Amino acid sequence: MYWILLLGLALAWILQTILIRRMWQQGLSVELRFRDRYIYEGDSCALQEIVTNDKWIPLPALEVRIAMSRHLAFTGESVQNSGVSDQTYKRDVFSFLFHQQVTRTLSFTGKKRGCYEIRQADLKAYDFFFRPLDYATVPQSTMLYVYPAQIDTKRLNIITTAISGAILVQNKLFPDPFEFSGIREYQPTDPMNHINWKATMRMGTPLVNQFDSTTSLDLNLIFDMEDSHIRKEEALLEETIRIVSSLAARLVAARMPLVLYSNAAVGSEKTQLSPVELPANGSHMSELNQQLACINGYTVSCTKLLDSIELSKQKKQMHVFISKNTDEEIIRSVGGLATASSPVLWIIPKSPYTRQPDITLPFVQTIFWEVEL
């Protein structure tokens with residue numbers, strides 16, 4: 001009787017020593033996949049772990065370790081076996097029989113705008129006696145864009161009203177710069193006050209009023225990401241990006257094309273954001289939000305950017321400038337950009353605890369935008 005037990009233990013030892021230890025990586029695959037290609041700041045998403053043991057040898061225990069940005073915070077049951085330091089770390093343990101696949105879904109929240117990528121998963125295997133076998137790294141390639149959060153449309157009304165007023169002054173032949181032109185299907189970037197409730201109830205699907213721009217004025221949206229202060233004002237810069245994304249979506253939804261300029265850099269190559277043309281149909285908003293998501297901390301001089309913008313001689317222009325910076329050089333450059341045929345609407349994000357600067361320039365209207373810290 002005892003010799004049978006000893007023989008079984010010997011066979012198990014041989015099995016796990018010769019086969020599992022040598023072959024545990026064969027037929028083993030790990031795929032990490034974000035459920036969505038993009039979300040907005042503050043939205044929920046999920047990361048899928050798809051682990052496959054495609055061989056006839058079982059794998060008693062496999063530990064999968066992943067690391068991703070600390071701005072992606074696990075929620076619910078996914079918080080278990082996770083920790084946050086310089087990054088968010090997660091450890092999951094799997095156990096496999098023969099030719100088996102296991103998929104786990106890890107929920108998280110995108111806490112901050114950004115472009116996030118997971119490039120590898122680290123594996124650690126154990127035998128039947130729970131002794132570590134070996135380590136391995138599996139390359140991954142999964143990307144998630146966290147778009148800037150959208151500003152409340154009630155706050156945006158302050159800006160759009162100012163733009164409408166400036167357009168009316170520029171071109172008095174047209175009574176309304178946002179003229180009604182029809183009805184179309186609702187898009188996530190559409191403001192709620194554009195919903196046509198009667199048509200929605202009749203058709204059973206959300207529909208919004210569509211508007212056409214009734215002016216030939218060119219609209220330039222310029223935003224400044226320069227931060228030369230010793231104490232960085234990240235909250236004001238992030239709010240600047242939110243205003244840009246929300247305002248651009250609002251304007252193109254109202255059938256108003258625009259050109260976007262910035263001194264910001266995008267991606268790891270520190271490449272300056274090129275001028276982006278947004279047609280009135282809103283078809284390029286996704287590309288714009290991707291670039292806004294990938295803005296890093298590198299910039300070029302904002303004064304050089306403002307001085308480089310050419311004024312159109314054929315058409316009237318209006319510039320919407322968004323910048324927290326109000327130093328003398330910026331004021332000079334804004335004043336040089338503004339003319340009777342090219343007025344400037346300057347939106348200045350500021351802390352509620354800082355003094356409101358006194359800026360008086362011809363053909364320049366200022367709006368101070370308080371940011372909750």
# chains A, B, ... in the order shown; residues from 1 in each chain; ligands from 1
>>> closest_atom_pairs(of="stretch 301-345 of chain A", to="stretch 355-358 of chain A", cutoff="12 Å", atoms="only C-alpha atoms", output="CSV")
residue,atom,partner,partner_atom,distance
A:Lys324,CA,A:Pro357,CA,10.9
A:Asn325,CA,A:Pro357,CA,10.4
A:Thr326,CA,A:Pro357,CA,7.6
A:Asp327,CA,A:Pro357,CA,9.7
A:Glu328,CA,A:Pro357,CA,11.3
A:Ile331,CA,A:Asp358,CA,10.8
>>> write_last_selection(atoms="C-alpha atoms", output="mmCIF file, in the first residue's frame")
data_model
loop_
_atom_site.group_PDB
_atom_site.id
_atom_site.type_symbol
_atom_site.label_atom_id
_atom_site.label_comp_id
_atom_site.auth_asym_id
_atom_site.auth_seq_id
_atom_site.Cartn_x
_atom_site.Cartn_y
_atom_site.Cartn_z
ATOM 1 C CA LYS A 324 -3.686 81.480 -18.201
ATOM 2 C CA ASN A 325 -0.569 83.576 -18.835
ATOM 3 C CA THR A 326 -0.989 87.355 -18.647
ATOM 4 C CA ASP A 327 2.586 88.633 -18.653
ATOM 5 C CA GLU A 328 3.608 91.713 -20.624
ATOM 6 C CA ILE A 331 -0.367 91.004 -23.709
#
>>> residues_around(residues="A:Gly267", least_positions_apart="2", cutoff="7 Å", atoms="only C-alpha atoms", output="PyMOL selection string")
chain A and resi 265+269-271+294-296
>>> closest_atom_pairs(of="stretch 222-266 of chain A", to="stretch 299-303 of chain A", cutoff="7 Å", atoms="only C-alpha atoms", output="tab-separated table")
residue	atom	partner	partner_atom	distance
A:Asp224	CA	A:Cys302	CA	6.2
A:Met225	CA	A:Thr299	CA	6.6
A:Glu226	CA	A:Thr299	CA	5.8
A:Asn263	CA	A:Val300	CA	5.2
A:Ala264	CA	A:Thr299	CA	4.7
A:Ala265	CA	A:Thr299	CA	5.7
>>> write_last_selection(atoms="all heavy atoms", output="PDB file, in the first residue's frame")
ATOM      1  N   ASP A 224      -2.746  78.152 -25.288  1.00  0.00           N
ATOM      2  CA  ASP A 224      -1.378  78.275 -24.795  1.00  0.00           C
ATOM      3  C   ASP A 224      -1.174  77.298 -23.635  1.00  0.00           C
ATOM      4  O   ASP A 224      -1.910  77.335 -22.647  1.00  0.00           O
ATOM      5  CB  ASP A 224      -1.145  79.720 -24.340  1.00  0.00           C
ATOM      6  CG  ASP A 224       0.168  79.911 -23.613  1.00  0.00           C
ATOM      7  OD1 ASP A 224       1.101  79.111 -23.846  1.00  0.00           O
ATOM      8  OD2 ASP A 224       0.272  80.864 -22.805  1.00  0.00           O
ATOM      9  N   MET A 225      -0.155  76.415 -23.755  1.00  0.00           N
ATOM     10  CA  MET A 225       0.149  75.454 -22.701  1.00  0.00           C
ATOM     11  C   MET A 225       1.478  75.750 -22.004  1.00  0.00           C
ATOM     12  O   MET A 225       2.010  74.908 -21.280  1.00  0.00           O
ATOM     13  CB  MET A 225       0.184  74.046 -23.300  1.00  0.00           C
ATOM     14  CG  MET A 225      -1.167  73.544 -23.786  1.00  0.00           C
ATOM     15  SD  MET A 225      -2.366  73.360 -22.439  1.00  0.00           S
ATOM     16  CE  MET A 225      -1.613  72.026 -21.518  1.00  0.00           C
ATOM     17  N   GLU A 226       2.000  76.949 -22.199  1.00  0.00           N
ATOM     18  CA  GLU A 226       3.283  77.302 -21.588  1.00  0.00           C
ATOM     19  C   GLU A 226       3.095  77.550 -20.088  1.00  0.00           C
ATOM     20  O   GLU A 226       2.135  78.198 -19.661  1.00  0.00           O
ATOM     21  CB  GLU A 226       3.845  78.553 -22.267  1.00  0.00           C
ATOM     22  CG  GLU A 226       5.300  78.831 -21.938  1.00  0.00           C
ATOM     23  CD  GLU A 226       5.875  79.938 -22.814  1.00  0.00           C
ATOM     24  OE1 GLU A 226       5.120  80.548 -23.597  1.00  0.00           O
ATOM     25  OE2 GLU A 226       7.090  80.182 -22.713  1.00  0.00           O
ATOM     26  N   ASN A 263       0.874  75.981 -28.985  1.00  0.00           N
ATOM     27  CA  ASN A 263       2.319  75.857 -28.789  1.00  0.00           C
ATOM     28  C   ASN A 263       2.667  74.567 -28.054  1.00  0.00           C
ATOM     29  O   ASN A 263       3.803  74.374 -27.626  1.00  0.00           O
ATOM     30  CB  ASN A 263       2.857  77.057 -28.006  1.00  0.00           C
ATOM     31  CG  ASN A 263       2.231  77.162 -26.622  1.00  0.00           C
ATOM     32  OD1 ASN A 263       1.169  76.598 -26.356  1.00  0.00           O
ATOM     33  ND2 ASN A 263       2.866  77.902 -25.732  1.00  0.00           N
ATOM     34  N   ALA A 264       1.689  73.675 -27.891  1.00  0.00           N
ATOM     35  CA  ALA A 264       1.903  72.425 -27.166  1.00  0.00           C
ATOM     36  C   ALA A 264       2.593  71.394 -28.034  1.00  0.00           C
ATOM     37  O   ALA A 264       2.584  71.477 -29.267  1.00  0.00           O
ATOM     38  CB  ALA A 264       0.566  71.878 -26.659  1.00  0.00           C
ATOM     39  N   ALA A 265       3.182  70.395 -27.384  1.00  0.00           N
ATOM     40  CA  ALA A 265       3.791  69.255 -28.066  1.00  0.00           C
ATOM     41  C   ALA A 265       2.999  68.003 -27.735  1.00  0.00           C
ATOM     42  O   ALA A 265       2.393  67.894 -26.667  1.00  0.00           O
ATOM     43  CB  ALA A 265       5.251  69.083 -27.637  1.00  0.00           C
TER      44      ALA A 265
END
>>> select_by_dssp(residues="stretch 77-281 of chain A", states="helix (DSSP H, G or I)", output="PyMOL selection string")
chain A and resi 77-79+153-170+192-194+197-203+234-253
>>> residues_around(residues="A:Ile195", least_positions_apart="3", cutoff="8 Å", atoms="only C-alpha atoms", output="VMD selection string")
chain A and resid 186 191 to 192 200 206 to 209
>>> atom_distance(atom1="atom CA of A:Gly83", atom2="atom CA of A:Asp122")
15.7 Å
>>> residues_around(residues="A:Gln101", least_positions_apart="3", cutoff="9 Å", atoms="only C-alpha atoms", output="PDB file with C-alpha atoms, in the first residue's frame")
ATOM      1  CA  ILE A  50      -7.087  36.666 -21.846  1.00  0.00           C
ATOM      2  CA  VAL A  51      -4.798  33.822 -20.736  1.00  0.00           C
ATOM      3  CA  THR A  52      -4.634  30.529 -22.675  1.00  0.00           C
ATOM      4  CA  ASN A  53      -2.922  27.246 -21.795  1.00  0.00           C
ATOM      5  CA  ASP A  54      -3.090  25.463 -25.160  1.00  0.00           C
ATOM      6  CA  PHE A  96      -5.193  25.729 -15.794  1.00  0.00           C
TER       7      PHE A  96
END
>>> closest_residue(among="A:Ser228, A:Ser164, A:Thr360, A:Asn220", to="A:Lys316", atoms="only C-alpha atoms")
A:Asn220
>>> residues_around(residues="A:Asp152", least_positions_apart="3", cutoff="9 Å", atoms="only C-alpha atoms", output="ChimeraX atom specification")
/A:155-157,191,246
>>> write_last_selection(atoms="C-alpha atoms", output="tab-separated table (two decimals), in the first residue's frame")
chain	number	residue	atom	x	y	z
A	155	ARG	CA	-20.57	77.52	-18.72
A	156	LEU	CA	-19.79	77.30	-22.43
A	157	ASN	CA	-22.78	79.55	-23.15
A	191	PRO	CA	-25.17	69.98	-26.00
A	246	SER	CA	-15.61	71.26	-25.44
